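For reference, the structure discussed in these notes is given below.
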Amino acid sequence: MVESTESEYIDNDDYLPSKRPRTEQSVTLYTPSATTPDDYDHVGGSSSIRTSSLSQPTMKLTGHKGSIYSLAYSPDGECLVSGSFDMTCLLWNASGSCENFNILEKGHKNAILDVKWSCDSDYIVTASADKNLAWWDASTGQRIKRFQGHDGIVNAVDTLRTSPKLSVSVSDDKTARLWDARTKGHVTSFEHLFQCTAVAYGADGNMIYTGGIDNCITAWDIRTQSMSMKMKGHNDTITCLSLHPKGTHLLSNSMDGTLKTWDIRPFVQDGGKRHCKTFKGASHNAEKGLLNCAWSSDGTMVTGGSSDKVVHIWDELSTEEVRSK
């Protein structure tokens, strides 16, 4: 079901205006322009030309039978996948009326907590409370492989931007594990002292970043299989990590009610200070949900989930909140 916030336009072909006497004059046929009333967003009494490929400014997608825990756009921008408590994932067109065209089901026995696309948009990997991960063919909706090895709930998963077969996951069993869809079992694992709740794969494939209930972000070098550095600044559990489109910075969401950005380049100015900016306005509640965060495609804005039922959007440069919906 799709709900629209715009007014509806009624085209009634049965209505014909009365005829007027014909006069001898030249007539220029009217040709509709490329923009129509539906091509404008009406916000606060002003109109601006829409650049979205959606049929309406606000779309409501329905189909899941339980809470939705994760959303992810395909790298090619054509599809959207949603993971739910109902143990299924739904695939949607990311343009037009956003039709649901496929379902990933019978791959997990508990809630799906996180979902990611492979870099070529051909595969989907899901993390579940059943302690397993699943590797899916996005075109057929069939589960290709099941990753087993975690001894606790798998809270988050991420994929490598330069390889369609590699992924990393974190779990309540205090480990982060690397997976290769071409092999059986995990490739390697990284032991933590506390439960892990968030993970991000470095852009070059040499680093992974994890966050957990210790309130810290830990960087791990895959080549040496050792901890590279630890970044401190949050005062509560880290619920999500998101890599900058250029791979230079990391965005984190935390139960302390803030989002923060971190410089993860090998050499940092300002005396090696990694923490860059803090974004305030979001909130977490007693449910302690693993709320997500994300960058805009050009890295100029950041957004994060919030327990106040509002999606907050900030300008990355000024840290000012530009919109909440």
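Residue numbering restarts at 1 in every chain; chains get A, B, ... in the order shown in the structure tokens, and ligands count up from 1 in that same order.
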Residues within 8 Å of Ser82 in chain A, only C-alpha atoms, excluding chain neighbours under 3 positions, as a ChimeraX atom specification: /A:68-72,89-91,115
query: Could you state the separation of CA of Ser254 in chain A and CA of Thr303 in chain A in Å, given to one decimal place?
result: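 Computed distance, CA of Ser254 in chain A to CA of Thr303 in chain A, equals 12.7 Å.
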message: For range 310-322 of chain A, find every residue with an atom within 6 Å (counting only C-alpha atoms), except residues of its own chain fewer than 6 positions away, and show them as a ChimeraX atom specification.
response: /A:279,300-304
If you take only C-alpha atoms and a cut-off of 12 Å, which residues of range 226-321 of chain A touch range 187-195 of chain A, and what are their nearest atom pairs and distances in Å to one decimal, in chain and number order, as a Markdown table?
```
| residue | atom | partner | partner_atom | distance |
| --- | --- | --- | --- | --- |
| A:Ser226 | CA | A:Phe190 | CA | 7.8 |
| A:Met227 | CA | A:Phe190 | CA | 8.6 |
| A:Ser228 | CA | A:Phe190 | CA | 11.9 |
| A:Thr237 | CA | A:Gln195 | CA | 9.9 |
| A:Ile238 | CA | A:Gln195 | CA | 10.7 |
| A:Thr239 | CA | A:Gln195 | CA | 11.5 |
```
message: I need the helix (DSSP H, G or I) residues of range 78-307 of chain A per DSSP on the backbone, written as a list in words.
response: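 Output for range 78-307 of chain A, helix (DSSP H, G or I) only: Gln269, Asp270, Gly271 and Gly272 of chain A.
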Selected residues written out with N, CA and C atoms, as a compact mmCIF listing (two decimals), in the first residue's frame:
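Result file is out-v6.txt:
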```
# COMPACT_ATOMS: atom_id res chain seq x y z
N GLN A 269 46.06 14.27 11.03
CA GLN A 269 46.61 15.53 11.52
C GLN A 269 46.04 15.83 12.91
N ASP A 270 46.33 17.00 13.41
CA ASP A 270 45.84 17.45 14.72
C ASP A 270 46.29 16.52 15.85
N GLY A 271 47.54 16.12 15.78
CA GLY A 271 48.09 15.31 16.85
C GLY A 271 47.53 13.91 16.96
N GLY A 272 47.02 13.38 15.87
CA GLY A 272 46.50 12.02 15.88
C GLY A 272 45.10 11.89 16.42
```
message: Let me make sure I understand: among A:Ala219, A:Ala198, A:Leu251, A:Ile124, which one has the smallest atom-to-atom distance to Leu80 in chain A if we use only C-alpha atoms?
response: A:Ile124
message: Write out as an NGL selection string the set of residues from range 123-317 of chain A that DSSP, computed on the backbone, places in strand (DSSP E).
response: :A and (123-128 or 133-137 or 143-147 or 154-159 or 166-171 or 175-180 or 186-191 or 196-201 or 207-212 or 216-221 or 226-232 or 238-243 or 249-254 or 258-263 or 275-280 or 293-295 or 301-304 or 312-315)
message: When you look at Arg143 in chain A with a cut-off of 8 Å (counting only C-alpha atoms), what residues show up, excluding the ones that are within fewer than 3 positions of it in the same chain? I need them as a VMD selection string.
response: chain A and resid 104 107 134 to 137 146
Would you write out those residues with C-alpha atoms, as an mmCIF file, in the first residue's frame?
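New file again25.cif:
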```cif
data_model
loop_
_atom_site.group_PDB
_atom_site.id
_atom_site.type_symbol
_atom_site.label_atom_id
_atom_site.label_comp_id
_atom_site.auth_asym_id
_atom_site.auth_seq_id
_atom_site.Cartn_x
_atom_site.Cartn_y
_atom_site.Cartn_z
ATOM 1 C CA LEU A 104 13.709 -14.159 0.862
ATOM 2 C CA GLY A 107 16.471 -19.132 5.493
ATOM 3 C CA ALA A 134 22.616 -16.579 5.089
ATOM 4 C CA TRP A 135 23.937 -15.839 1.598
ATOM 5 C CA TRP A 136 21.205 -15.236 -0.993
ATOM 6 C CA ASP A 137 20.915 -14.893 -4.759
ATOM 7 C CA ARG A 146 24.452 -20.682 5.318
#
```
message: With only C-alpha atoms as the counted atoms, please give the residues lying no more than 8 Å from Ser307 in chain A, apart from itself and same-chain residues fewer than 3 positions off, as a PyMOL selection string.
response: chain A and resi 282-285+310
Create the file for the chosen residues now, containing C-alpha atoms and written as a PDB file, in the first residue's frame.
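See again.pdb below for the written result:
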```pdb
ATOM      1  CA  ALA A 282      18.541  11.650  18.328  1.00  0.00           C
ATOM      2  CA  SER A 283      17.570   9.567  21.346  1.00  0.00           C
ATOM      3  CA  HIS A 284      17.554   5.978  22.606  1.00  0.00           C
ATOM      4  CA  ASN A 285      15.057   4.489  25.051  1.00  0.00           C
ATOM      5  CA  VAL A 310      11.879  10.490  13.898  1.00  0.00           C
TER       6      VAL A 310
END
```
query: Hey, what's within 8 Å of Asp86 in chain A if we count only C-alpha atoms and toss same-chain stuff fewer than 5 positions away? As a PyMOL selection string, please?
result: chain A and resi 64-67+110-112
message: From the options A:Gly83, A:Pro245, A:Gly149, A:Gly257, which residue's atoms come nearest to Ala203 in chain A, counting only C-alpha atoms?
response: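 The closest residue to Ala203 in chain A is A:Pro245.
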